[in-house]
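Trainee: The following file, data-v2.pdb, comprises PDB, C-alpha atoms and all ligand atoms:
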```
MODEL        1
ATOM      1  CA  MET W   1      15.631  16.369  17.077
ATOM      2  CA  LYS W   2      12.395  17.566  18.662
ATOM      3  CA  LYS W   3       9.000  16.431  17.461
ATOM      4  CA  GLU W   4       5.375  16.747  18.531
ATOM      5  CA  ILE W   5       2.780  14.054  17.934
ATOM      6  CA  ILE W   6      -0.773  13.599  19.148
ATOM      7  CA  CYS W   7      -1.547  10.468  21.102
ATOM      8  CA  ILE W   8      -4.606   8.767  19.593
ATOM      9  CA  GLU W   9      -5.017   6.088  22.250
ATOM     10  CA  CYS W  10      -7.966   7.870  23.889
ATOM     11  CA  PRO W  11     -10.172  10.938  23.324
ATOM     12  CA  ASN W  12      -7.883  13.171  25.449
ATOM     13  CA  GLY W  13      -5.546  13.528  22.444
ATOM     14  CA  CYS W  14      -2.520  14.557  24.492
ATOM     15  CA  VAL W  15       0.164  16.464  22.574
ATOM     16  CA  LEU W  16       3.386  14.530  23.155
ATOM     17  CA  SER W  17       6.634  16.454  22.935
ATOM     18  CA  LEU W  18       9.486  14.154  22.029
ATOM     19  CA  GLU W  19      13.212  14.585  21.966
ATOM     20  CA  ILE W  20      14.758  11.959  19.693
ATOM     21  CA  LYS W  21      18.396  10.997  19.461
ATOM     22  CA  ASP W  22      19.744   8.239  17.202
ATOM     23  CA  GLY W  23      16.195   7.013  16.536
ATOM     24  CA  GLU W  24      15.341   6.681  20.232
ATOM     25  CA  ILE W  25      13.196   8.837  22.492
ATOM     26  CA  VAL W  26      15.429  10.404  25.139
ATOM     27  CA  ASN W  27      12.774  12.705  26.602
ATOM     28  CA  LEU W  28       8.970  12.601  26.554
ATOM     29  CA  GLU W  29       6.538  15.175  27.928
ATOM     30  CA  GLY W  30       2.798  15.753  27.656
ATOM     31  CA  ASN W  31       1.486  12.224  28.205
ATOM     32  CA  LYS W  32      -1.092  11.877  30.951
ATOM     33  CA  CYS W  33      -0.571   8.120  31.248
ATOM     34  CA  ASP W  34       1.795   5.299  30.321
ATOM     35  CA  LYS W  35      -0.219   4.452  27.187
ATOM     36  CA  GLY W  36       1.116   7.695  25.733
ATOM     37  CA  LYS W  37       4.674   6.509  26.234
ATOM     38  CA  VAL W  38       3.924   3.153  24.569
ATOM     39  CA  TYR W  39       2.228   4.996  21.697
ATOM     40  CA  ALA W  40       5.170   7.379  21.249
ATOM     41  CA  VAL W  41       7.713   4.539  21.166
ATOM     42  CA  SER W  42       5.578   2.662  18.623
ATOM     43  CA  GLU W  43       5.194   5.767  16.454
ATOM     44  CA  ILE W  44       8.931   6.422  16.379
ATOM     45  CA  GLU W  45      10.235   2.844  16.169
ATOM     46  CA  ASN W  46       7.516   0.957  14.278
ATOM     47  CA  PRO W  47       4.480   3.027  13.278
ATOM     48  CA  VAL W  48       1.436   0.929  12.348
ATOM     49  CA  ARG W  49      -2.045   1.684  11.042
ATOM     50  CA  VAL W  50      -5.279  -0.175  10.395
ATOM     51  CA  LEU W  51      -5.827   0.152   6.643
ATOM     52  CA  THR W  52      -9.452   0.982   5.817
ATOM     53  CA  THR W  53     -10.444   1.127   2.164
ATOM     54  CA  THR W  54     -12.593  -0.565  -0.485
ATOM     55  CA  VAL W  55     -12.074  -3.314  -3.056
ATOM     56  CA  MET W  56     -13.815  -3.697  -6.410
ATOM     57  CA  SER W  57     -16.714  -6.082  -6.734
ATOM     58  CA  GLU W  58     -18.117  -7.933  -9.717
ATOM     59  CA  GLY W  59     -21.719  -9.032 -10.060
ATOM     60  CA  LEU W  60     -22.746  -7.745  -6.640
ATOM     61  CA  SER W  61     -25.273  -5.102  -5.570
ATOM     62  CA  VAL W  62     -22.565  -2.480  -4.975
ATOM     63  CA  LEU W  63     -19.486  -1.500  -7.000
ATOM     64  CA  MET W  64     -17.115  -1.464  -4.030
ATOM     65  CA  VAL W  65     -16.880  -3.599  -0.899
ATOM     66  CA  PRO W  66     -15.570  -1.794   2.211
ATOM     67  CA  VAL W  67     -12.654  -3.615   3.834
ATOM     68  CA  LYS W  68     -10.018  -3.145   6.510
ATOM     69  CA  THR W  69      -7.050  -4.982   7.917
ATOM     70  CA  ARG W  70      -8.162  -6.777  11.066
ATOM     71  CA  GLU W  71      -5.043  -5.544  12.887
ATOM     72  CA  PRO W  72      -2.692  -2.625  12.233
ATOM     73  CA  ILE W  73       0.031  -3.136   9.629
ATOM     74  CA  PRO W  74       3.362  -1.286   9.312
ATOM     75  CA  LYS W  75       2.842   2.237   7.991
ATOM     76  CA  SER W  76       5.715   1.602   5.564
ATOM     77  CA  GLU W  77       3.590  -1.102   3.850
ATOM     78  CA  LEU W  78       0.488   1.038   3.238
ATOM     79  CA  LEU W  79       1.332   2.011  -0.361
ATOM     80  CA  ASN W  80       2.236  -1.584  -1.275
ATOM     81  CA  ALA W  81      -0.987  -2.715   0.351
ATOM     82  CA  MET W  82      -3.054  -0.299  -1.733
ATOM     83  CA  GLU W  83      -1.357  -1.587  -4.909
ATOM     84  CA  LYS W  84      -2.358  -5.153  -3.985
ATOM     85  CA  ILE W  85      -5.873  -4.113  -3.016
ATOM     86  CA  ARG W  86      -6.390  -2.417  -6.399
ATOM     87  CA  LYS W  87      -6.065  -5.877  -8.023
ATOM     88  CA  ILE W  88      -8.598  -7.645  -5.774
ATOM     89  CA  LYS W  89     -12.131  -8.312  -7.018
ATOM     90  CA  VAL W  90     -14.857  -9.754  -4.806
ATOM     91  CA  LYS W  91     -17.158 -11.946  -6.917
ATOM     92  CA  ARG W  92     -19.368 -13.531  -4.237
ATOM     93  CA  SER W  93     -21.579 -12.394  -1.377
ATOM     94  CA  VAL W  94     -19.692 -11.603   1.804
ATOM     95  CA  GLU W  95     -20.715 -11.033   5.413
ATOM     96  CA  ALA W  96     -19.311  -8.234   7.556
ATOM     97  CA  GLY W  97     -16.145  -9.532   9.223
ATOM     98  CA  GLU W  98     -15.593 -12.248   6.590
ATOM     99  CA  VAL W  99     -12.012 -12.737   5.417
ATOM    100  CA  ILE W 100     -11.355 -11.404   1.906
ATOM    101  CA  VAL W 101      -7.602 -12.178   1.938
ATOM    102  CA  ARG W 102      -6.078 -14.364   4.657
ATOM    103  CA  ASN W 103      -2.573 -13.387   5.829
ATOM    104  CA  PHE W 104      -2.619 -10.291   3.618
ATOM    105  CA  MET W 105       0.822  -9.694   2.039
ATOM    106  CA  GLY W 106       2.286 -12.246   4.433
ATOM    107  CA  LEU W 107       1.919  -9.746   7.283
ATOM    108  CA  GLY W 108       0.002 -12.154   9.504
ATOM    109  CA  VAL W 109      -3.103  -9.963   9.303
ATOM    110  CA  ASP W 110      -6.339 -10.738   7.458
ATOM    111  CA  LEU W 111      -8.113  -8.290   5.149
ATOM    112  CA  VAL W 112     -11.810  -8.443   6.080
ATOM    113  CA  ALA W 113     -15.096  -7.030   4.780
ATOM    114  CA  THR W 114     -16.603  -4.360   7.005
ATOM    115  CA  ARG W 115     -20.090  -4.620   5.487
ATOM    116  CA  SER W 116     -22.288  -7.446   4.277
ATOM    117  CA  VAL W 117     -22.756  -7.363   0.494
ATOM    118  CA  SER W 118     -24.794  -9.717  -1.661
TER     119      SER W 118
HETATM  120  S1  LIG W 201      -1.347   9.864  26.900
HETATM  121 FE1  LIG W 201      -2.926   8.688  27.938
HETATM  122  S2  LIG W 201      -4.474  10.202  28.449
HETATM  123 FE2  LIG W 201      -3.194  11.134  26.878
HETATM  124  S3  LIG W 201      -4.223  10.658  24.906
HETATM  125 FE3  LIG W 201      -2.693   9.054  25.305
HETATM  126  S4  LIG W 201      -3.860   7.428  26.315
HETATM  127 FE4  LIG W 201      -5.058   9.294  26.476
ENDMDL
END
```
Please render this file's structure as structure tokens.
Mentor:
Amino acid sequence: MKKEIICIECPNGCVLSLEIKDGEIVNLEGNKCDKGKVYAVSEIENPVRVLTTTVMSEGLSVLMVPVKTREPIPKSELLNAMEKIRKIKVKRSVEAGEVIVRNFMGLGVDLVATRSVS
């Protein structure tokens, strides 16, 4: 199977042409550096994303508190993560970078506020 993806590791945005066989990359073209190869392998074998979204607040100056996962989480967990996040309510002031949920979903990654809200 052939596939094209765009490397997002730097602003160059190289178009990577992949040939995949049995879930492994057997040929890679288009990367200008080794980071592109690492990115391609990650995208095919274990794609991850930083989840950036908002959670509800209660009694604060804004209705929603912007949050993100401090590290990328598996792409396959994004929908589950959004289900969990829908049930979270922040009821106290938070500082930017403060942990909202430690070890979110047991993934070893914290969910943190990206803005101070009082
Ligand atoms: S392959 Fe290298 S140069 Fe190209 S976008 Fe990725 S990191 Fe940048």
Trainee: Quick one, how far is CA of Gly30 in chain W from CA of Asn12 in chain W?
Mentor: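 According to the coordinates, CA of Gly30 in chain W and CA of Asn12 in chain W are separated by 11.2 Å.
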Trainee: Determine, counting only C-alpha atoms, which protein, DNA and RNA residues have an atom within 12 Å of an atom of Asp22 in chain W; residues of the same chain fewer than 2 positions away are not included. Present the result as a list in words.
Mentor: Met1, Lys2, Glu19, Ile20, Glu24, Ile25, Val26, Ile44 and Glu45 of chain W
Trainee: Output C-alpha atoms of each residue in that selection to a file, as a short mmCIF file (atom, residue, chain, number, x, y, z; two decimals), in the coordinates of the input.
Mentor:
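result-v3.cif, written as the output of this step:
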```cif
data_model
loop_
_atom_site.label_atom_id
_atom_site.label_comp_id
_atom_site.auth_asym_id
_atom_site.auth_seq_id
_atom_site.Cartn_x
_atom_site.Cartn_y
_atom_site.Cartn_z
CA MET W 1 15.63 16.37 17.08
CA LYS W 2 12.40 17.57 18.66
CA GLU W 19 13.21 14.58 21.97
CA ILE W 20 14.76 11.96 19.69
CA GLU W 24 15.34 6.68 20.23
CA ILE W 25 13.20 8.84 22.49
CA VAL W 26 15.43 10.40 25.14
CA ILE W 44 8.93 6.42 16.38
CA GLU W 45 10.24 2.84 16.17
#
```
Trainee: Have a look at W:Ser118, W:Ser17, W:Asn103, W:Ser61 and name the one nearest to Ile73 in chain W; count all atoms listed in the file.
Mentor: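 Nearest to Ile73 in chain W: W:Asn103.
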Trainee: Which chain W residues have any atom within 6 Å of an atom of ligand LIG 201 (chain W), and for each, what is the nearest pair of atoms with distance in Å to one decimal, counting all atoms listed in the file, rows sorted by chain and number, as JSON lines?
Mentor:
```
{"residue": "W:Cys7", "atom": "CA", "partner": "W:LIG201", "partner_atom": "FE3", "distance": 4.6}
{"residue": "W:Ile8", "atom": "CA", "partner": "W:LIG201", "partner_atom": "S3", "distance": 5.7}
{"residue": "W:Glu9", "atom": "CA", "partner": "W:LIG201", "partner_atom": "S4", "distance": 4.4}
{"residue": "W:Cys10", "atom": "CA", "partner": "W:LIG201", "partner_atom": "FE4", "distance": 4.1}
{"residue": "W:Asn12", "atom": "CA", "partner": "W:LIG201", "partner_atom": "S3", "distance": 4.5}
{"residue": "W:Gly13", "atom": "CA", "partner": "W:LIG201", "partner_atom": "S3", "distance": 4.0}
{"residue": "W:Cys14", "atom": "CA", "partner": "W:LIG201", "partner_atom": "FE2", "distance": 4.2}
{"residue": "W:Asn31", "atom": "CA", "partner": "W:LIG201", "partner_atom": "S1", "distance": 3.9}
{"residue": "W:Lys32", "atom": "CA", "partner": "W:LIG201", "partner_atom": "S2", "distance": 4.5}
{"residue": "W:Cys33", "atom": "CA", "partner": "W:LIG201", "partner_atom": "FE1", "distance": 4.1}
{"residue": "W:Lys35", "atom": "CA", "partner": "W:LIG201", "partner_atom": "S4", "distance": 4.8}
{"residue": "W:Gly36", "atom": "CA", "partner": "W:LIG201", "partner_atom": "S1", "distance": 3.5}
```
Trainee: So which residues touch Pro47 in chain W within 8 Å, counting all atoms listed in the file, skipping near sequence neighbours fewer than 3 positions away, as an MDAnalysis selection string?
Mentor: chainID W and resid 42:44 74:76
Trainee: On this structure, the PyMOL selection byres (((chain W and resi 68) around 8) and not hetatm) would catch which residues? List them as a PyMOL selection string, sorted by chain and number.
Mentor: chain W and resi 50-54+66-67+69-70+111-114
Trainee: Residues at most 12 Å from Glu83 in chain W, counting all atoms listed in the file, excluding those fewer than 6 positions away in the same chain, as a list in words?
Mentor: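 Once the adjacent positions are removed, what remains is Thr53, Val55, Glu77 and Met105 of chain W.
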Trainee: Filtering to C-alpha atoms, could you give me those residues as a tab-separated table (two decimals), in the coordinates of the input?
Mentor:
```
chain	number	residue	atom	x	y	z
W	53	THR	CA	-10.44	1.13	2.16
W	55	VAL	CA	-12.07	-3.31	-3.06
W	77	GLU	CA	3.59	-1.10	3.85
W	105	MET	CA	0.82	-9.69	2.04
```
Trainee: Report the residues retrieved by the PyMOL selection byres (((chain W and resi 90) around 7) and not hetatm) from the displayed file, expressed as a ChimeraX atom specification.
Mentor: /W:56-58,88-89,91-92
Trainee: Calculate, to one decimal in Å, the centre and edge lengths of the box along x, y and z of the file that holds all listed atoms of range 20-30 of chain W with 5 Å of margin on each side, and present them as AutoDock Vina command-line options.
Mentor:
```
--center_x 11.3 --center_y 11.2 --center_z 22.2 --size_x 26.9 --size_y 19.1 --size_z 21.4
```
Trainee: As a ChimeraX atom specification, please: the residues near Val94 in chain W (cut-off 9 Å, all atoms listed in the file, same-chain neighbours under 3 positions excluded).
Mentor: /W:65,90,97-100,113,115-118
Trainee: Report the distance between CA of Leu18 in chain W and CA of Val48 in chain W in Å, rounded to one decimal place.
Mentor: 18.3 Å
Trainee: Please report the interatomic distance between CA of Arg102 in chain W and CA of Leu60 in chain W in Å with one decimal.
Mentor: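 Atom-to-atom, CA of Arg102 in chain W and CA of Leu60 in chain W are spaced 21.2 Å apart.
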Trainee: Which of these residues is nearest to Lys37 in chain W, using only C-alpha atoms: W:Arg49, W:Ile6, W:Val62, W:Asp110?
Mentor: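 Checking each of W:Arg49, W:Ile6, W:Val62, W:Asp110 against Lys37 in chain W, counting only C-alpha atoms, the winner is W:Ile6.
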Trainee: Measuring between only C-alpha atoms, which one of W:Glu71, W:Leu16, W:Arg86, W:Ala81 shows the shortest distance to Val38 in chain W?
Mentor: W:Leu16
